[in-house]
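Here is the structure we will look at.
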Amino acid sequence: MQKLFFLGLIVLAFAIEQQHQETIQQGGIYHFKLNQKEVKISDKQEFMKLVMLKQASKGTEKESTRMHNYKNIQYTADMAIGEKFNTFKMVLDTGSANLWVDSDRCQEDGCIKHKQYRHKDSSTFLQDGKELVVEFGSGDLKGQINSDNVYFGDIETPQQNIVEIVSENGAIFRDLDFDGILGLAYPQMAPKGFTPYFDTLMQTRKLESNKFAFYFAKDANDITHSEFTIGGYNPVHADGDIHYHEVVDKYYWMIQAKNILVGGKDIGLCDEGKGCRLIVDTGSSIMSGPIDNLGTLLRTLDTKSHCHNVKELPTISYIIDDVEYTLEPEEYVRPTTLDATSLDQLPDDLDIQSLIEVNNWDCIAAYMPLDIQEPQGPAWILGDVFLRKYYTIFDRDNNSVGFAKAKQQ
């Protein structure tokens, strides 16, 4: 059994909205609009955490897609499999490496409520049949590795490895509105013999450059401007200089921070002389940190009921190669109406005690405790809370991650 690492999504329950994906091509660069959505879990439940284990001469094409942004919670883009117009809503995830899609091989409740891939309807399907099992904090997935043609906007990728979901145990997909996961991490995270989607594009030399980039709209009600670019980046989203930082472990998109400061002060969140490892993860809605260090951070923040003192809270700054990336309190604090009477509605795997000890349920910092084991850990996660503020470029040509302050549209 192969263990994968899919870090936490925090999901707020609201109404569902959806946008048709648009594609704009500029030479060999493609821009995709992303879908934005608030995911309805249940009428009464307003706060939920799912902890998942995550797996583990050039061409001229560049493409950007508008992403669907679901109330700053879940961003998806449309990808077609088998036929060009047979589209599925995919979470674009830099924290995993496989391409998972819901399949009609799976007849469990968590599968049948989503659109399902039917391999029998595809004339380009090729069966491999290898089994892949993924353990999650709230269940598990079983998949079968096969191949089919994949279409992302106007980019066609013949015989791309995919994992058809054949069994789903738990609430992983049942309560979330997406049909699959497109992993964009390094191939070292994928199982042996599986070629991740972006690595296939690199091998076929279809892109203008081996880069991709994310712009996440800051306004939760903005369902038109979030964008995924493949084959380069879109400079219109960068407000000022882009600073690139070396990837230090080609498994996750992992970079090194010299320190993490709170209100400009060193409170001991990083090891002296070693710094902190940071994983840049588009598949995580919020942030995370090692449980002991995160306890120090959240106790220092000391958020009050109903967020009445948000403006008085300190900034949080990540110091990376002497560049300071700062989150203001209104960017990392989230109000919630959850009280102790609602705790029985949360998933069994929620580490309630660790959060209660360091947080106040009426006003939460958008962090969750997570101990990532060696050799990749310990590490902090830079999730969508951070990435909404900073336009982010993932560069496989130079194995680096670039940040620029995002220019809000």
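In the structure tokens, chains take letters A, B, ... by order of appearance, with residues numbered from 1 within each chain and ligands from 1 in the order shown.
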
> In region 176-331 of chain A, what's helix (DSSP H, G or I) per DSSP? Answer as a PyMOL selection string?
Replying inline: chain A and resi 187-189+197-204+235-237+291-301+305-307+310-312+329-331

Go ahead and save the picked residues with N, CA and C atoms, as a tab-separated table (two decimals), in the first residue's frame.
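Once everything was written out, this is part33.tsv:
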```
chain	number	residue	atom	x	y	z
A	187	PRO	N	7.80	14.41	-9.92
A	187	PRO	CA	7.52	13.00	-10.23
A	187	PRO	C	8.01	12.04	-9.16
A	188	GLN	N	8.94	12.47	-8.30
A	188	GLN	CA	9.39	11.59	-7.22
A	188	GLN	C	8.25	11.21	-6.29
A	189	MET	N	7.18	11.98	-6.27
A	189	MET	CA	6.05	11.68	-5.41
A	189	MET	C	5.11	10.66	-6.02
A	197	TYR	N	1.15	14.58	-15.14
A	197	TYR	CA	0.70	15.32	-16.31
A	197	TYR	C	1.72	16.35	-16.77
A	198	PHE	N	2.23	17.18	-15.86
A	198	PHE	CA	3.13	18.24	-16.30
A	198	PHE	C	4.44	17.67	-16.82
A	199	ASP	N	4.87	16.54	-16.28
A	199	ASP	CA	6.09	15.90	-16.78
A	199	ASP	C	5.88	15.36	-18.20
A	200	THR	N	4.66	14.91	-18.50
A	200	THR	CA	4.35	14.50	-19.87
A	200	THR	C	4.48	15.68	-20.82
A	201	LEU	N	3.95	16.83	-20.40
A	201	LEU	CA	4.07	18.03	-21.24
A	201	LEU	C	5.53	18.41	-21.44
A	202	MET	N	6.34	18.28	-20.38
A	202	MET	CA	7.76	18.60	-20.50
A	202	MET	C	8.44	17.67	-21.51
A	203	GLN	N	8.12	16.39	-21.45
A	203	GLN	CA	8.75	15.41	-22.34
A	203	GLN	C	8.37	15.63	-23.80
A	204	THR	N	7.14	16.08	-24.04
A	204	THR	CA	6.69	16.30	-25.42
A	204	THR	C	7.08	17.67	-25.95
A	235	PRO	N	2.06	38.28	-16.73
A	235	PRO	CA	2.61	39.42	-15.98
A	235	PRO	C	1.56	40.42	-15.52
A	236	VAL	N	0.37	40.36	-16.09
A	236	VAL	CA	-0.67	41.30	-15.68
A	236	VAL	C	-1.06	41.10	-14.22
A	237	HIS	N	-0.77	39.92	-13.67
A	237	HIS	CA	-1.16	39.62	-12.29
A	237	HIS	C	-0.08	39.97	-11.27
A	291	ILE	N	2.99	21.03	15.03
A	291	ILE	CA	2.03	21.27	16.10
A	291	ILE	C	2.62	22.07	17.26
A	292	ASP	N	3.85	21.80	17.67
A	292	ASP	CA	4.43	22.55	18.79
A	292	ASP	C	4.67	24.00	18.41
A	293	ASN	N	5.23	24.21	17.22
A	293	ASN	CA	5.50	25.58	16.76
A	293	ASN	C	4.20	26.34	16.52
A	294	LEU	N	3.21	25.65	15.99
A	294	LEU	CA	1.94	26.32	15.72
A	294	LEU	C	1.26	26.71	17.03
A	295	GLY	N	1.40	25.87	18.05
A	295	GLY	CA	0.87	26.25	19.35
A	295	GLY	C	1.49	27.54	19.86
A	296	THR	N	2.80	27.68	19.68
A	296	THR	CA	3.47	28.92	20.06
A	296	THR	C	2.93	30.10	19.29
A	297	LEU	N	2.74	29.92	17.98
A	297	LEU	CA	2.23	31.01	17.15
A	297	LEU	C	0.83	31.43	17.58
A	298	LEU	N	-0.08	30.46	17.72
A	298	LEU	CA	-1.47	30.81	18.00
A	298	LEU	C	-1.66	31.36	19.40
A	299	ARG	N	-0.88	30.89	20.35
A	299	ARG	CA	-0.97	31.47	21.70
A	299	ARG	C	-0.44	32.90	21.71
A	300	THR	N	0.57	33.15	20.88
A	300	THR	CA	1.09	34.51	20.77
A	300	THR	C	0.05	35.43	20.13
A	301	LEU	N	-0.65	34.94	19.13
A	301	LEU	CA	-1.68	35.75	18.47
A	301	LEU	C	-2.84	36.05	19.42
A	305	SER	N	-12.75	36.65	21.02
A	305	SER	CA	-14.07	36.29	20.52
A	305	SER	C	-14.56	37.30	19.49
A	306	HIS	N	-15.17	36.73	18.42
A	306	HIS	CA	-15.80	37.52	17.35
A	306	HIS	C	-14.82	38.45	16.62
A	307	CYS	N	-13.54	38.24	16.79
A	307	CYS	CA	-12.53	38.98	16.03
A	307	CYS	C	-12.61	40.50	16.26
A	310	VAL	N	-9.11	42.37	15.59
A	310	VAL	CA	-8.31	41.95	14.44
A	310	VAL	C	-7.23	42.97	14.10
A	311	LYS	N	-7.57	44.25	14.09
A	311	LYS	CA	-6.59	45.27	13.71
A	311	LYS	C	-5.44	45.39	14.71
A	312	GLU	N	-5.66	44.88	15.92
A	312	GLU	CA	-4.61	44.94	16.93
A	312	GLU	C	-3.66	43.75	16.87
A	329	PRO	N	-3.30	40.77	9.66
A	329	PRO	CA	-4.23	39.97	10.47
A	329	PRO	C	-5.56	39.70	9.77
A	330	GLU	N	-6.07	40.68	9.02
A	330	GLU	CA	-7.35	40.44	8.34
A	330	GLU	C	-7.22	39.42	7.22
A	331	GLU	N	-5.97	39.08	6.84
A	331	GLU	CA	-5.75	38.07	5.81
A	331	GLU	C	-5.61	36.67	6.39
```

> Which residues, written as a list in words, have at least one atom at most 8 Å from Leu261 (chain A), with only C-alpha atoms counted and residues fewer than 2 positions away on the same chain left out?
Replying inline: Asn259, Gly263, Gly264, Lys265, Asp266, Ile267, Leu269, Ile316, Ser317, Tyr318 and Ile319 of chain A

Same residues, N, CA, C and O atoms, output as an mmCIF file, in the first residue's frame:
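Result file is again11.cif:
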```
data_model
loop_
_atom_site.group_PDB
_atom_site.id
_atom_site.type_symbol
_atom_site.label_atom_id
_atom_site.label_comp_id
_atom_site.auth_asym_id
_atom_site.auth_seq_id
_atom_site.Cartn_x
_atom_site.Cartn_y
_atom_site.Cartn_z
ATOM 1 N N ASN A 259 13.346 32.607 8.472
ATOM 2 C CA ASN A 259 12.636 32.779 9.736
ATOM 3 C C ASN A 259 11.171 33.082 9.462
ATOM 4 O O ASN A 259 10.781 33.442 8.343
ATOM 5 N N GLY A 263 4.754 40.028 14.199
ATOM 6 C CA GLY A 263 4.893 41.430 14.580
ATOM 7 C C GLY A 263 6.327 41.904 14.490
ATOM 8 O O GLY A 263 6.761 42.771 15.264
ATOM 9 N N GLY A 264 7.084 41.319 13.552
ATOM 10 C CA GLY A 264 8.489 41.684 13.372
ATOM 11 C C GLY A 264 9.438 41.055 14.359
ATOM 12 O O GLY A 264 10.641 41.318 14.320
ATOM 13 N N LYS A 265 8.937 40.188 15.243
ATOM 14 C CA LYS A 265 9.774 39.595 16.294
ATOM 15 C C LYS A 265 9.965 38.098 16.058
ATOM 16 O O LYS A 265 9.075 37.408 15.572
ATOM 17 N N ASP A 266 11.132 37.619 16.445
ATOM 18 C CA ASP A 266 11.450 36.198 16.386
ATOM 19 C C ASP A 266 10.917 35.539 17.658
ATOM 20 O O ASP A 266 11.384 35.833 18.760
ATOM 21 N N ILE A 267 9.927 34.657 17.524
ATOM 22 C CA ILE A 267 9.368 33.983 18.701
ATOM 23 C C ILE A 267 9.753 32.497 18.713
ATOM 24 O O ILE A 267 9.153 31.688 19.422
ATOM 25 N N LEU A 269 9.926 30.219 16.009
ATOM 26 C CA LEU A 269 9.168 29.303 15.154
ATOM 27 C C LEU A 269 10.069 28.489 14.231
ATOM 28 O O LEU A 269 9.669 27.433 13.748
ATOM 29 N N ILE A 316 2.225 38.463 10.308
ATOM 30 C CA ILE A 316 3.049 37.248 10.241
ATOM 31 C C ILE A 316 3.889 37.353 8.983
ATOM 32 O O ILE A 316 3.355 37.532 7.879
ATOM 33 N N SER A 317 5.205 37.276 9.120
ATOM 34 C CA SER A 317 6.110 37.480 7.983
ATOM 35 C C SER A 317 6.998 36.260 7.770
ATOM 36 O O SER A 317 7.618 35.755 8.715
ATOM 37 N N TYR A 318 7.050 35.811 6.534
ATOM 38 C CA TYR A 318 7.950 34.729 6.129
ATOM 39 C C TYR A 318 9.168 35.363 5.457
ATOM 40 O O TYR A 318 9.031 36.061 4.446
ATOM 41 N N ILE A 319 10.347 35.120 6.008
ATOM 42 C CA ILE A 319 11.581 35.693 5.472
ATOM 43 C C ILE A 319 12.250 34.634 4.606
ATOM 44 O O ILE A 319 12.762 33.627 5.109
#
```

> Looking only at the backbone, which of the residues in region 105-350 of chain A does DSSP tag as strand (DSSP E), as a PyMOL selection string?
Replying inline: chain A and resi 126-136+139-152+155-170+180-183+211-215+227-230+243-246+249-250+253-257+259-262+265-266+276-280+287-289+316-320+323-327+333-335

> To one decimal place, how far is CA of Gly273 (chain A) from CA of Thr326 (chain A) in Å?
Replying inline: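 CA of Thr326 (chain A) lies at a distance of 21.2 Å from CA of Gly273 (chain A).
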
>> When you look at Asn234 (chain A) with a cut-off of 9 Å (counting only C-alpha atoms), what residues show up, excluding the ones that are within fewer than 4 positions of it in the same chain? I need them as a list of chain:residue names.
In response: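 Neighbouring residues, sequence-local ones excluded: A:Ile29, A:His31, A:Ser64, A:Ala213, A:Tyr215, A:Thr229, A:Ala238.
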
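Considering the residues A:Lys33, A:Gly95, A:Glu272, A:Ile260 and counting only C-alpha atoms, Glu324 (chain A) has its shortest atom-to-atom contact with A:Ile260.
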
>> Would you pick out the contacts of Asn399 (chain A) at 12 Å or less, using only C-alpha atoms, so that residues sharing its chain but fewer than 3 positions from it are not included, and give the list as a PyMOL selection string?
In response: chain A and resi 185-186+210-212+244-255+393-396+402

Would you save the residues of that selection, restricted to N, CA, C and O atoms, as a short mmCIF file (atom, residue, chain, number, x, y, z; two decimals), in the first residue's frame?
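After the write, out.cif holds the following:
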```cif
data_model
loop_
_atom_site.label_atom_id
_atom_site.label_comp_id
_atom_site.auth_asym_id
_atom_site.auth_seq_id
_atom_site.Cartn_x
_atom_site.Cartn_y
_atom_site.Cartn_z
N ALA A 185 2.93 18.19 -8.42
CA ALA A 185 4.18 18.09 -7.68
C ALA A 185 5.23 17.35 -8.52
O ALA A 185 4.99 16.98 -9.67
N TYR A 186 6.38 17.13 -7.94
CA TYR A 186 7.49 16.48 -8.65
C TYR A 186 7.22 15.00 -8.87
O TYR A 186 6.49 14.37 -8.08
N ASN A 210 8.75 25.56 -19.21
CA ASN A 210 8.22 24.58 -18.27
C ASN A 210 7.87 25.25 -16.95
O ASN A 210 8.47 25.01 -15.91
N LYS A 211 6.88 26.13 -17.04
CA LYS A 211 6.41 26.88 -15.89
C LYS A 211 4.89 26.83 -15.85
O LYS A 211 4.23 26.65 -16.89
N PHE A 212 4.34 27.00 -14.67
CA PHE A 212 2.91 27.25 -14.54
C PHE A 212 2.72 28.20 -13.37
O PHE A 212 3.60 28.36 -12.52
N TYR A 244 12.43 34.86 -7.08
CA TYR A 244 12.46 33.40 -7.21
C TYR A 244 13.28 32.79 -6.08
O TYR A 244 14.31 33.33 -5.67
N HIS A 245 12.81 31.62 -5.61
CA HIS A 245 13.46 30.92 -4.51
C HIS A 245 13.67 29.46 -4.88
O HIS A 245 12.76 28.81 -5.41
N GLU A 246 14.85 28.95 -4.59
CA GLU A 246 15.24 27.61 -5.00
C GLU A 246 14.40 26.54 -4.29
O GLU A 246 14.14 26.63 -3.09
N VAL A 247 14.02 25.52 -5.04
CA VAL A 247 13.38 24.34 -4.45
C VAL A 247 14.47 23.51 -3.78
O VAL A 247 15.47 23.15 -4.41
N VAL A 248 14.28 23.20 -2.51
CA VAL A 248 15.32 22.51 -1.75
C VAL A 248 15.08 21.01 -1.65
O VAL A 248 15.96 20.26 -1.21
N ASP A 249 13.91 20.54 -2.02
CA ASP A 249 13.61 19.11 -1.99
C ASP A 249 12.63 18.84 -3.12
O ASP A 249 11.46 19.23 -3.06
N LYS A 250 13.10 18.17 -4.18
CA LYS A 250 12.27 17.97 -5.38
C LYS A 250 11.31 16.80 -5.18
O LYS A 250 11.37 15.76 -5.85
N TYR A 251 10.41 17.01 -4.27
CA TYR A 251 9.32 16.07 -3.94
C TYR A 251 8.05 16.91 -3.89
O TYR A 251 7.22 16.87 -4.77
N TYR A 252 7.94 17.71 -2.84
CA TYR A 252 7.00 18.83 -2.84
C TYR A 252 7.67 20.03 -3.53
O TYR A 252 8.86 20.01 -3.82
N TRP A 253 6.88 21.08 -3.74
CA TRP A 253 7.46 22.38 -4.10
C TRP A 253 7.89 23.02 -2.77
O TRP A 253 7.18 23.83 -2.19
N MET A 254 9.06 22.64 -2.31
CA MET A 254 9.55 23.02 -0.98
C MET A 254 10.67 24.04 -1.09
O MET A 254 11.64 23.84 -1.83
N ILE A 255 10.54 25.14 -0.37
CA ILE A 255 11.57 26.18 -0.33
C ILE A 255 11.97 26.40 1.13
O ILE A 255 11.34 25.87 2.05
N ILE A 393 4.56 31.52 -9.22
CA ILE A 393 5.05 30.87 -10.43
C ILE A 393 5.87 29.65 -10.04
O ILE A 393 6.80 29.74 -9.22
N PHE A 394 5.54 28.50 -10.62
CA PHE A 394 6.26 27.25 -10.36
C PHE A 394 7.12 26.95 -11.58
O PHE A 394 6.59 26.73 -12.68
N ASP A 395 8.43 26.94 -11.40
CA ASP A 395 9.38 26.90 -12.51
C ASP A 395 10.17 25.60 -12.47
O ASP A 395 11.08 25.43 -11.67
N ARG A 396 9.81 24.65 -13.37
CA ARG A 396 10.55 23.39 -13.42
C ARG A 396 11.85 23.53 -14.21
O ARG A 396 12.77 22.71 -14.04
N GLY A 402 8.49 31.35 -7.74
CA GLY A 402 8.53 32.81 -7.76
C GLY A 402 7.29 33.42 -7.14
O GLY A 402 6.19 32.91 -7.35
#
```

> Interatomic distance between CA of Arg277 (chain A) and CA of Pro378 (chain A)?
Replying inline: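 CA of Arg277 (chain A) sits 7.1 Å away from CA of Pro378 (chain A).
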
> Quick one, how far is CA of Gln256 (chain A) from CA of Trp380 (chain A)?
Replying inline: 10.0 Å

> Residues at most 8 Å from Gly289 (chain A), counting only C-alpha atoms, excluding those fewer than 3 positions away in the same chain, as number ranges by chain?
Replying inline: A: 293-294, 367-371, 379-381

>> Give me the residues near Ile165 (chain A) as a list in words, where near means some atom within 8 Å (using only C-alpha atoms) and where sequence neighbours in that chain fewer than 4 positions away do not count.
In response: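 Within the cut-off, the hits are Trp100, Val101, Asp102, Ser103, Arg105, Cys106, Leu141, Lys142, Gly143 and Gln144 of chain A.
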
>> Measuring between only C-alpha atoms, which one of A:Cys270, A:Leu176, A:Leu92, A:Ile286 shows the shortest distance to Gly383 (chain A)?
In response: A:Ile286

> Using only C-alpha atoms, which residue out of A:Leu184, A:Ala366, A:Val150, A:Val91 lies closest to Ser122 (chain A)?
Replying inline: A:Val150

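Residues in contact range of Asp128 (chain A), defined as at most 9 Å between only C-alpha atoms, with sequence neighbours fewer than 4 positions away removed, read Gln144, Ile145, Asn146 and Ser147 of chain A.
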